[in-house]
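Q: So here's coords.pdb (PDB, C-alpha atoms and all ligand atoms).
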```pdb
ATOM      1  CA  MET L   1     -14.254   2.804  15.224
ATOM      2  CA  PRO L   2     -13.541   1.943  18.895
ATOM      3  CA  THR L   3     -16.254  -0.339  20.154
ATOM      4  CA  VAL L   4     -16.468  -0.562  23.913
ATOM      5  CA  SER L   5     -18.443   1.385  26.437
ATOM      6  CA  PRO L   6     -19.513   1.211  30.041
ATOM      7  CA  ALA L   7     -23.140   1.643  31.013
ATOM      8  CA  PRO L   8     -23.824   4.529  33.386
ATOM      9  CA  GLY L   9     -23.255   3.587  36.962
ATOM     10  CA  ARG L  10     -21.443   0.417  35.892
ATOM     11  CA  ARG L  11     -18.177   1.826  34.667
ATOM     12  CA  GLY L  12     -16.076  -0.806  32.976
ATOM     13  CA  VAL L  13     -19.044  -3.089  32.152
ATOM     14  CA  LEU L  14     -19.321  -3.277  28.388
ATOM     15  CA  SER L  15     -22.504  -4.011  26.445
ATOM     16  CA  TYR L  16     -20.779  -4.731  23.135
ATOM     17  CA  VAL L  17     -17.586  -6.169  21.742
ATOM     18  CA  ARG L  18     -14.651  -4.830  19.827
ATOM     19  CA  ARG L  19     -15.034  -5.677  16.153
ATOM     20  CA  SER L  20     -12.815  -5.376  13.141
ATOM     21  CA  PRO L  21     -13.027  -1.919  11.558
ATOM     22  CA  ARG L  22     -12.945  -3.560   8.117
ATOM     23  CA  MET L  23     -15.697  -2.737   5.624
ATOM     24  CA  THR L  24     -16.663  -3.871   2.173
ATOM     25  CA  PRO L  25     -15.880  -1.399  -0.642
ATOM     26  CA  SER L  26     -19.617  -0.642  -0.938
ATOM     27  CA  GLN L  27     -19.877   0.097   2.775
ATOM     28  CA  ALA L  28     -16.842   2.395   2.629
ATOM     29  CA  ALA L  29     -18.409   4.218  -0.326
ATOM     30  CA  TRP L  30     -21.797   4.639   1.417
ATOM     31  CA  LEU L  31     -20.072   5.958   4.525
ATOM     32  CA  ALA L  32     -18.020   8.466   2.527
ATOM     33  CA  ARG L  33     -21.018   9.578   0.488
ATOM     34  CA  PHE L  34     -23.872   9.720   2.999
ATOM     35  CA  ALA L  35     -22.485  10.055   6.544
ATOM     36  CA  ASP L  36     -22.612  13.854   6.490
ATOM     37  CA  GLN L  37     -26.242  13.726   5.477
ATOM     38  CA  TRP L  38     -27.673  11.133   7.870
ATOM     39  CA  VAL L  39     -25.197  10.612  10.750
ATOM     40  CA  ILE L  40     -25.490  13.132  13.592
ATOM     41  CA  PRO L  41     -21.993  14.099  14.764
ATOM     42  CA  VAL L  42     -21.524  13.752  18.523
ATOM     43  CA  ARG L  43     -18.696  14.335  20.947
ATOM     44  CA  THR L  44     -17.293  11.052  22.201
ATOM     45  CA  GLY L  45     -15.034  10.269  25.123
ATOM     46  CA  GLU L  46     -11.705   8.528  25.367
ATOM     47  CA  LEU L  47     -13.030   5.191  24.158
ATOM     48  CA  GLY L  48     -14.467   6.826  21.047
ATOM     49  CA  THR L  49     -17.920   5.324  21.371
ATOM     50  CA  THR L  50     -19.216   6.677  24.661
ATOM     51  CA  VAL L  51     -20.971  10.006  24.306
ATOM     52  CA  SER L  52     -19.543  12.853  26.370
ATOM     53  CA  PRO L  53     -21.818  15.059  28.454
ATOM     54  CA  GLY L  54     -23.015  18.114  26.556
ATOM     55  CA  LEU L  55     -26.064  19.789  25.136
ATOM     56  CA  PRO L  56     -28.922  17.593  23.898
ATOM     57  CA  VAL L  57     -29.252  17.200  20.124
ATOM     58  CA  ASP L  58     -31.722  19.688  18.651
ATOM     59  CA  LEU L  59     -33.836  17.042  16.931
ATOM     60  CA  PRO L  60     -36.417  19.409  15.376
ATOM     61  CA  THR L  61     -33.528  21.165  13.607
ATOM     62  CA  VAL L  62     -31.862  17.890  12.627
ATOM     63  CA  PHE L  63     -35.079  16.405  11.182
ATOM     64  CA  GLY L  64     -36.429  19.764  10.001
ATOM     65  CA  ARG L  65     -39.762  19.172  11.746
ATOM     66  CA  VAL L  66     -41.427  18.093  14.994
ATOM     67  CA  ALA L  67     -42.687  14.499  14.799
ATOM     68  CA  PRO L  68     -42.973  11.439  17.043
ATOM     69  CA  LEU L  69     -39.552   9.868  17.633
ATOM     70  CA  ILE L  70     -38.655   6.180  17.682
ATOM     71  CA  VAL L  71     -35.174   5.168  18.854
ATOM     72  CA  GLU L  72     -33.558   1.855  18.001
ATOM     73  CA  ILE L  73     -30.638   0.692  20.137
ATOM     74  CA  GLY L  74     -28.186  -1.467  18.215
ATOM     75  CA  SER L  75     -29.808  -0.809  14.853
ATOM     76  CA  GLY L  76     -27.372  -3.135  13.063
ATOM     77  CA  HIS L  77     -27.697  -2.925   9.282
ATOM     78  CA  GLY L  78     -30.800  -0.741   9.599
ATOM     79  CA  ASP L  79     -33.354  -3.317   8.412
ATOM     80  CA  ALA L  80     -36.003  -2.411  10.994
ATOM     81  CA  LEU L  81     -35.307   1.335  10.937
ATOM     82  CA  VAL L  82     -35.444   1.777   7.186
ATOM     83  CA  ALA L  83     -38.454  -0.522   6.683
ATOM     84  CA  ALA L  84     -40.410   1.352   9.370
ATOM     85  CA  ALA L  85     -39.288   4.750   8.075
ATOM     86  CA  SER L  86     -40.649   3.839   4.633
ATOM     87  CA  THR L  87     -44.047   2.806   5.946
ATOM     88  CA  HIS L  88     -44.282   5.599   8.566
ATOM     89  CA  PRO L  89     -43.107   8.808   6.872
ATOM     90  CA  ASP L  90     -44.846  10.823   9.602
ATOM     91  CA  VAL L  91     -42.501   9.421  12.288
ATOM     92  CA  ASP L  92     -38.794  10.199  12.862
ATOM     93  CA  PHE L  93     -36.378   7.318  13.499
ATOM     94  CA  LEU L  94     -33.039   7.504  15.287
ATOM     95  CA  GLY L  95     -30.663   4.550  15.379
ATOM     96  CA  PHE L  96     -27.745   4.135  17.756
ATOM     97  CA  GLU L  97     -25.098   1.728  16.516
ATOM     98  CA  VAL L  98     -21.458   1.424  17.557
ATOM     99  CA  PHE L  99     -20.226  -0.618  14.615
ATOM    100  CA  ASP L 100     -19.081   1.473  11.620
ATOM    101  CA  ALA L 101     -19.711  -1.191   8.991
ATOM    102  CA  SER L 102     -23.330  -1.454  10.212
ATOM    103  CA  ILE L 103     -23.746   2.323  10.078
ATOM    104  CA  ALA L 104     -22.409   2.190   6.505
ATOM    105  CA  ALA L 105     -24.797  -0.614   5.528
ATOM    106  CA  THR L 106     -27.696   1.399   6.967
ATOM    107  CA  LEU L 107     -26.649   4.426   4.921
ATOM    108  CA  GLY L 108     -26.826   2.261   1.805
ATOM    109  CA  LYS L 109     -30.354   1.175   2.749
ATOM    110  CA  ILE L 110     -31.466   4.746   3.493
ATOM    111  CA  ASP L 111     -30.279   5.757   0.029
ATOM    112  CA  ALA L 112     -31.894   2.776  -1.693
ATOM    113  CA  ALA L 113     -35.223   3.383   0.068
ATOM    114  CA  GLY L 114     -35.112   7.145  -0.495
ATOM    115  CA  VAL L 115     -36.294   7.869   3.051
ATOM    116  CA  THR L 116     -35.488  11.176   4.760
ATOM    117  CA  ASN L 117     -36.831  10.445   8.267
ATOM    118  CA  VAL L 118     -33.901   8.361   9.596
ATOM    119  CA  ARG L 119     -30.826   9.629  11.427
ATOM    120  CA  LEU L 120     -28.003   7.644  12.979
ATOM    121  CA  ILE L 121     -25.687   8.184  15.912
ATOM    122  CA  ALA L 122     -22.509   6.130  15.612
ATOM    123  CA  ALA L 123     -22.007   5.746  19.346
ATOM    124  CA  ASP L 124     -23.158   4.012  22.489
ATOM    125  CA  ALA L 125     -26.894   4.333  23.039
ATOM    126  CA  VAL L 126     -26.725   4.338  26.827
ATOM    127  CA  THR L 127     -24.511   7.391  27.167
ATOM    128  CA  GLY L 128     -26.139   8.817  24.014
ATOM    129  CA  LEU L 129     -29.672   8.653  25.411
ATOM    130  CA  THR L 130     -28.398  10.004  28.718
ATOM    131  CA  HIS L 131     -26.653  13.056  27.299
ATOM    132  CA  LEU L 132     -28.245  13.807  23.926
ATOM    133  CA  ILE L 133     -31.944  13.071  24.226
ATOM    134  CA  LEU L 134     -34.351  15.136  26.301
ATOM    135  CA  PRO L 135     -36.331  13.409  29.055
ATOM    136  CA  ARG L 136     -39.813  12.254  28.058
ATOM    137  CA  SER L 137     -39.270  12.888  24.371
ATOM    138  CA  VAL L 138     -39.209   9.406  22.816
ATOM    139  CA  GLN L 139     -42.338   7.526  21.786
ATOM    140  CA  GLU L 140     -40.757   4.080  21.424
ATOM    141  CA  ILE L 141     -37.436   2.394  22.172
ATOM    142  CA  TRP L 142     -36.615  -0.722  20.134
ATOM    143  CA  VAL L 143     -34.064  -3.361  21.121
ATOM    144  CA  PHE L 144     -34.065  -6.187  18.592
ATOM    145  CA  PHE L 145     -31.680  -9.103  19.070
ATOM    146  CA  PRO L 146     -29.357  -7.464  21.587
ATOM    147  CA  ASP L 147     -25.971  -9.144  21.997
ATOM    148  CA  PRO L 148     -26.985 -12.144  24.152
ATOM    149  CA  TRP L 149     -23.959 -12.493  26.435
ATOM    150  CA  PRO L 150     -24.901 -16.124  27.179
ATOM    151  CA  LYS L 151     -22.300 -16.923  29.847
ATOM    152  CA  LYS L 152     -23.503 -16.266  33.364
ATOM    153  CA  ARG L 153     -20.409 -14.273  34.252
ATOM    154  CA  HIS L 154     -21.214 -11.979  31.276
ATOM    155  CA  HIS L 155     -24.868 -11.340  32.122
ATOM    156  CA  LYS L 156     -23.868  -8.028  33.674
ATOM    157  CA  ARG L 157     -22.882  -6.894  30.168
ATOM    158  CA  ARG L 158     -26.405  -7.251  28.822
ATOM    159  CA  LEU L 159     -27.931  -4.021  27.578
ATOM    160  CA  VAL L 160     -31.170  -4.654  29.449
ATOM    161  CA  SER L 161     -30.491  -3.943  33.102
ATOM    162  CA  GLY L 162     -31.858  -1.929  35.986
ATOM    163  CA  ALA L 163     -29.913   1.069  34.641
ATOM    164  CA  PHE L 164     -31.523   0.539  31.226
ATOM    165  CA  ALA L 165     -34.985   0.485  32.838
ATOM    166  CA  ASP L 166     -34.192   3.796  34.574
ATOM    167  CA  LEU L 167     -32.978   5.276  31.297
ATOM    168  CA  ALA L 168     -36.044   4.092  29.379
ATOM    169  CA  SER L 169     -38.330   5.458  32.075
ATOM    170  CA  ARG L 170     -36.547   8.814  31.901
ATOM    171  CA  THR L 171     -36.545   8.991  28.109
ATOM    172  CA  LEU L 172     -39.991   7.750  27.097
ATOM    173  CA  ILE L 173     -43.101   9.914  26.897
ATOM    174  CA  ASP L 174     -46.153   9.032  28.985
ATOM    175  CA  ASP L 175     -47.556   5.847  27.481
ATOM    176  CA  GLY L 176     -44.238   5.317  25.677
ATOM    177  CA  VAL L 177     -43.297   1.829  24.547
ATOM    178  CA  ILE L 178     -40.288  -0.494  24.715
ATOM    179  CA  ARG L 179     -40.229  -3.245  22.087
ATOM    180  CA  LEU L 180     -37.722  -6.062  22.375
ATOM    181  CA  ALA L 181     -37.009  -9.305  20.550
ATOM    182  CA  THR L 182     -34.499 -12.049  21.260
ATOM    183  CA  ASP L 183     -33.780 -15.623  20.226
ATOM    184  CA  SER L 184     -32.095 -16.317  23.567
ATOM    185  CA  GLN L 185     -34.308 -18.077  26.123
ATOM    186  CA  SER L 186     -32.001 -16.886  28.867
ATOM    187  CA  TYR L 187     -32.166 -13.257  27.671
ATOM    188  CA  ALA L 188     -35.964 -13.503  27.454
ATOM    189  CA  GLU L 189     -36.044 -14.623  31.100
ATOM    190  CA  HIS L 190     -33.643 -11.807  31.943
ATOM    191  CA  ILE L 191     -35.978  -9.250  30.281
ATOM    192  CA  GLU L 192     -38.962 -10.639  32.182
ATOM    193  CA  ALA L 193     -37.027 -10.535  35.454
ATOM    194  CA  ILE L 194     -36.048  -6.888  34.963
ATOM    195  CA  LEU L 195     -38.810  -5.153  33.001
ATOM    196  CA  GLY L 196     -41.563  -7.569  34.032
ATOM    197  CA  ALA L 197     -40.854  -6.878  37.701
ATOM    198  CA  ASP L 198     -40.604  -3.103  37.255
ATOM    199  CA  PRO L 199     -43.817  -1.291  38.282
ATOM    200  CA  ARG L 200     -43.030   1.515  35.826
ATOM    201  CA  PHE L 201     -43.729  -0.839  32.888
ATOM    202  CA  GLU L 202     -46.559  -3.137  31.889
ATOM    203  CA  LEU L 203     -46.194  -6.054  29.509
ATOM    204  CA  THR L 204     -48.863  -5.439  26.869
ATOM    205  CA  SER L 205     -47.927  -7.979  24.193
ATOM    206  CA  THR L 206     -45.705 -10.948  23.449
ATOM    207  CA  GLN L 207     -46.792 -11.091  19.806
ATOM    208  CA  ARG L 208     -44.290 -10.471  17.051
ATOM    209  CA  PHE L 209     -44.192  -6.759  16.298
ATOM    210  CA  ASP L 210     -45.507  -6.752  12.735
ATOM    211  CA  THR L 211     -43.245  -3.922  11.529
ATOM    212  CA  ARG L 212     -40.137  -5.896  12.544
ATOM    213  CA  PRO L 213     -38.499  -7.458   9.466
ATOM    214  CA  LEU L 214     -36.626 -10.765   9.508
ATOM    215  CA  THR L 215     -32.933  -9.994  10.040
ATOM    216  CA  LYS L 216     -29.938 -12.287   9.817
ATOM    217  CA  PHE L 217     -29.901 -12.553  13.613
ATOM    218  CA  GLU L 218     -33.478 -13.813  13.765
ATOM    219  CA  LYS L 219     -32.859 -16.134  10.795
ATOM    220  CA  ARG L 220     -29.799 -17.564  12.502
ATOM    221  CA  GLY L 221     -31.834 -18.245  15.649
ATOM    222  CA  LEU L 222     -34.675 -19.884  13.708
ATOM    223  CA  GLU L 223     -32.265 -22.050  11.736
ATOM    224  CA  ALA L 224     -30.725 -23.212  15.004
ATOM    225  CA  GLY L 225     -34.207 -24.196  16.217
ATOM    226  CA  ARG L 226     -34.498 -21.423  18.803
ATOM    227  CA  ALA L 227     -37.824 -19.752  19.639
ATOM    228  CA  ILE L 228     -38.130 -16.012  19.067
ATOM    229  CA  HIS L 229     -39.392 -14.026  22.054
ATOM    230  CA  ASP L 230     -41.052 -10.644  21.513
ATOM    231  CA  PHE L 231     -41.999  -8.215  24.276
ATOM    232  CA  THR L 232     -43.908  -4.934  24.244
ATOM    233  CA  TYR L 233     -43.885  -2.938  27.476
ATOM    234  CA  HIS L 234     -45.835   0.280  27.997
ATOM    235  CA  VAL L 235     -44.823   2.953  30.459
ATOM    236  CA  THR L 236     -47.299   2.966  33.296
ATOM    237  CA  GLY L 237     -47.383   3.951  36.930
ATOM    238  CA  ARG L 238     -44.454   6.304  36.576
ATOM    239  CA  GLU L 239     -44.307   9.111  39.127
ATOM    240  CA  SER L 240     -44.931  12.449  37.463
TER     241      SER L 240
HETATM  242  C1  LIG L 301     -26.907  -8.847  17.491
HETATM  243  S1  LIG L 301     -26.861  -7.301  16.724
HETATM  244  C2  LIG L 301     -28.570  -7.022  16.231
HETATM  245  C3  LIG L 301     -28.715  -5.926  15.201
HETATM  246  C4  LIG L 301     -30.145  -5.598  14.772
HETATM  247  N1  LIG L 301     -30.920  -5.083  15.884
HETATM  248  C5  LIG L 301     -30.813  -6.781  14.137
HETATM  249  O1  LIG L 301     -31.764  -7.342  14.727
HETATM  250  O2  LIG L 301     -30.401  -7.151  13.034
HETATM  251  C6  LIG L 301     -26.700  -6.202  18.121
HETATM  252  C7  LIG L 301     -26.184  -4.833  17.716
HETATM  253  O3  LIG L 301     -26.256  -3.953  18.811
HETATM  254  C8  LIG L 301     -25.110  -3.099  18.778
HETATM  255  N2  LIG L 301     -24.958  -2.573  20.152
HETATM  256  C9  LIG L 301     -24.793  -3.287  21.289
HETATM  257  N3  LIG L 301     -24.744  -2.488  22.360
HETATM  258  C10 LIG L 301     -24.911  -1.211  21.891
HETATM  259  C11 LIG L 301     -24.956   0.063  22.528
HETATM  260  N4  LIG L 301     -24.844   0.191  23.838
HETATM  261  N5  LIG L 301     -25.139   1.151  21.740
HETATM  262  C12 LIG L 301     -25.261   1.033  20.396
HETATM  263  N6  LIG L 301     -25.219  -0.151  19.747
HETATM  264  C13 LIG L 301     -25.043  -1.265  20.487
HETATM  265  C14 LIG L 301     -23.998  -3.992  18.285
HETATM  266  O4  LIG L 301     -22.939  -3.277  17.689
HETATM  267  C15 LIG L 301     -24.739  -4.852  17.246
HETATM  268  O5  LIG L 301     -24.685  -4.279  15.961
END
```
Kindly transcribe the structure held in the file into C-alpha cells.
A:
Amino acid sequence: MPTVSPAPGRRGVLSYVRRSPRMTPSQAAWLARFADQWVIPVRTGELGTTVSPGLPVDLPTVFGRVAPLIVEIGSGHGDALVAAASTHPDVDFLGFEVFDASIAATLGKIDAAGVTNVRLIAADAVTGLTHLILPRSVQEIWVFFPDPWPKKRHHKRRLVSGAFADLASRTLIDDGVIRLATDSQSYAEHIEAILGADPRFELTSTQRFDTRPLTKFEKRGLEAGRAIHDFTYHVTGRES
C-alpha cells in the first residue's frame, strides 16, 4: 500500500511515512478473508492513500443502522477500536489507517472479538474525513499516539494542525469530542498550542480516557520513562 499523503491546504506535507508492505502470514490471511466484510472501499488518488473527492460514504447502509459514530485516526492494530466496540455495541466505530499490515491486524481482532460495529478505511484520514464523512456527523474523533515527528523541521508534518482543527470542527456534532494521547512532551505542547488556543474547543479533561487500552506505543513511551499526556476537548463556541 502506498503510504504518503498531503494534508488539505498543505500539499506535499506528509503526516505519515512510507512503510514496508510486508505482512505476517496471519495478517495476509486476515486481509484476504475479512477485508471485503469490514473495509469500506474508497477511491484513492495517485498516491494510493489520499481519498479522491466524491460522494460521502452512506454510513447507515454500511453499518445497517443509524447510531452514534466514533472515528479513530491512525487506528494502528485496532486495539482501542475493537475494545471500545466490544463494550459499546450501541456505537459505530470507523478507523482510518494507511498501513495495510495494521488494517490486517485489526481485521484479526475484529474476528476474534466477534464485533460487527467496526469498519475500516485503508486511507488517509484527512482527505477521507474531508470527502467521505458528512459535516457534523461524528460524535468523537480519537487520535492516540500520532506519529510524533520530533524534529523541529518536521513539526509541519504532525497530524494535529490548524487544518486538522478546521476539519474536526466541520466534522463533529455539537458537543462533539476530540480525544488525544501522546507520550511526546513536545507533541503535547503542540496540541495545547493549537487546540488549547482555538475558541471552537474547550479542554474538559487531561485524565486518561478509561476506554483507551495500553498499546505498544504507550508501553514503549512508559518504558523509556516518558509521561503520557491525555487530552479531551469538547466542541464549544462554534458558529452555527
Ligand atoms: C504511532 S501509530 C499509533 C497507532 C495507534 N493509535 C496506537 O496507539 O497503537 C500512528 C498510526 O497513525 C497512522 N497514520 C498517521 N497519519 C495518518 C493519516 N493521516 N491517516 C490515517 N492513518 C494515519 C500511521 O500509519 C500509524 O499506524
Q: Taking the file as I've supplied it (selection: the PyMOL selection byres (((not hetatm)) within 8 of (chain L and resi 301))), which residues are included? Please answer as a ChimeraX atom specification.
A: /L:3,5,7,14-17,72-80,96-99,102,122-127,143-148,159,214-218
Q: Keeping C-alpha atoms for every residue in the selection just given, could you write it to a file as a compact mmCIF listing (two decimals), in the frame of the given file?
A:
```txt
# COMPACT_ATOMS: atom_id res chain seq x y z
CA THR L 3 -16.25 -0.34 20.15
CA SER L 5 -18.44 1.38 26.44
CA ALA L 7 -23.14 1.64 31.01
CA LEU L 14 -19.32 -3.28 28.39
CA SER L 15 -22.50 -4.01 26.44
CA TYR L 16 -20.78 -4.73 23.14
CA VAL L 17 -17.59 -6.17 21.74
CA GLU L 72 -33.56 1.86 18.00
CA ILE L 73 -30.64 0.69 20.14
CA GLY L 74 -28.19 -1.47 18.22
CA SER L 75 -29.81 -0.81 14.85
CA GLY L 76 -27.37 -3.14 13.06
CA HIS L 77 -27.70 -2.92 9.28
CA GLY L 78 -30.80 -0.74 9.60
CA ASP L 79 -33.35 -3.32 8.41
CA ALA L 80 -36.00 -2.41 10.99
CA PHE L 96 -27.74 4.14 17.76
CA GLU L 97 -25.10 1.73 16.52
CA VAL L 98 -21.46 1.42 17.56
CA PHE L 99 -20.23 -0.62 14.62
CA SER L 102 -23.33 -1.45 10.21
CA ALA L 122 -22.51 6.13 15.61
CA ALA L 123 -22.01 5.75 19.35
CA ASP L 124 -23.16 4.01 22.49
CA ALA L 125 -26.89 4.33 23.04
CA VAL L 126 -26.72 4.34 26.83
CA THR L 127 -24.51 7.39 27.17
CA VAL L 143 -34.06 -3.36 21.12
CA PHE L 144 -34.06 -6.19 18.59
CA PHE L 145 -31.68 -9.10 19.07
CA PRO L 146 -29.36 -7.46 21.59
CA ASP L 147 -25.97 -9.14 22.00
CA PRO L 148 -26.98 -12.14 24.15
CA LEU L 159 -27.93 -4.02 27.58
CA LEU L 214 -36.63 -10.76 9.51
CA THR L 215 -32.93 -9.99 10.04
CA LYS L 216 -29.94 -12.29 9.82
CA PHE L 217 -29.90 -12.55 13.61
CA GLU L 218 -33.48 -13.81 13.76
```
Q: Please write the residues picked by the PyMOL selection byres (((chain L and resi 167-171) around 8) and not hetatm) on this file as a list in words.
A: Val126, Leu129, Thr130, Ile133, Leu134, Pro135, Arg136, Ser137, Val138, Ile141, Ala163, Phe164, Ala165, Asp166, Leu172, Ile173, Ile178, Arg200, Val235 and Arg238 of chain L
Q: List the neighbours of Leu59 in chain L out to 10 Å using only C-alpha atoms; skip same-chain residues closer than 5 positions along the sequence, and give me the result as a list of chain:residue names.
A: L:Ile40, L:Gly64, L:Arg65, L:Val66, L:Ala67, L:Leu69, L:Asp92, L:Leu94, L:Arg119, L:Leu132, L:Ile133, L:Leu134
Q: In terms of the shortest atom-to-atom distance over only C-alpha atoms, which of L:Gly128, L:Gly237, L:Gly196, L:Pro150 is closest to Gly45 in chain L?
A: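 Under the stated criterion, the closest residue is L:Gly128.
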Q: List the residues matched by the PyMOL selection byres (((chain L and resi 91) around 12) and not hetatm) in the displayed structure as a tab-separated table (two decimals) with C-alpha atoms, in the frame of the given file, ordered by chain and then by residue number.
A:
```tsv
chain	number	residue	atom	x	y	z
L	63	PHE	CA	-35.08	16.40	11.18
L	65	ARG	CA	-39.76	19.17	11.75
L	66	VAL	CA	-41.43	18.09	14.99
L	67	ALA	CA	-42.69	14.50	14.80
L	68	PRO	CA	-42.97	11.44	17.04
L	69	LEU	CA	-39.55	9.87	17.63
L	70	ILE	CA	-38.66	6.18	17.68
L	71	VAL	CA	-35.17	5.17	18.85
L	81	LEU	CA	-35.31	1.34	10.94
L	82	VAL	CA	-35.44	1.78	7.19
L	84	ALA	CA	-40.41	1.35	9.37
L	85	ALA	CA	-39.29	4.75	8.07
L	86	SER	CA	-40.65	3.84	4.63
L	87	THR	CA	-44.05	2.81	5.95
L	88	HIS	CA	-44.28	5.60	8.57
L	89	PRO	CA	-43.11	8.81	6.87
L	90	ASP	CA	-44.85	10.82	9.60
L	92	ASP	CA	-38.79	10.20	12.86
L	93	PHE	CA	-36.38	7.32	13.50
L	94	LEU	CA	-33.04	7.50	15.29
L	115	VAL	CA	-36.29	7.87	3.05
L	116	THR	CA	-35.49	11.18	4.76
L	117	ASN	CA	-36.83	10.44	8.27
L	118	VAL	CA	-33.90	8.36	9.60
L	119	ARG	CA	-30.83	9.63	11.43
L	138	VAL	CA	-39.21	9.41	22.82
L	139	GLN	CA	-42.34	7.53	21.79
L	140	GLU	CA	-40.76	4.08	21.42
```
Q: Between CA of Ser205 in chain L and CA of Phe231 in chain L, what is the distance in Å, rounded to a tenth?
A: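 Going from CA of Ser205 in chain L over to CA of Phe231 in chain L, I get 5.9 Å.
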Q: What is the CA of His190 in chain L to CA of Tyr233 in chain L distance in Å?
A: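 Going from CA of His190 in chain L over to CA of Tyr233 in chain L covers 14.3 Å.
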Q: Quick one, how far is CA of Arg22 in chain L from CA of Thr44 in chain L?
A: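 These two atoms are separated by 20.8 Å.
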Q: Can you pull out the residues contacting Phe201 in chain L? Cut-off 7 Å, using all atoms listed in the file, and skip same-chain residues under 2 positions away; I want them as JSON, numbers by chain.
A: {"L": [195, 198, 199, 203, 233, 234, 235, 236]}
Q: Between L:Ala83, L:Ala227, L:Val177, L:Ile191, which residue has the minimum interatomic distance to Gly162 in chain L, considering all atoms listed in the file?
A: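 Looking only at the distances to Gly162 in chain L, the closest residue turns out to be L:Ile191.
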Q: Looking at L:Ala32, L:Thr106, L:Gln185, L:Glu202, which one is nearest to Arg226 in chain L, with distances taken over all atoms listed in the file?
A: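 The answer is L:Gln185, which sits nearest to Arg226 in chain L.
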Q: Just need the box for range 178-185 of chain L, edges along x, y and z, holding every atom the file lists for it with 8 Å tacked onto each side, so centre and edge lengths in Å to one decimal, as JSON.
A:
```
{"center_x": -36.2, "center_y": -9.3, "center_z": 23.2, "size_x": 24.2, "size_y": 33.6, "size_z": 21.9}
```
Q: Under the rule that all atoms listed in the file are counted, which of L:Leu55, L:Val39, L:Ala224, L:Ala105 is the nearest residue to Met23 in chain L?
A: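 Looking only at the distances to Met23 in chain L, the closest residue turns out to be L:Ala105.
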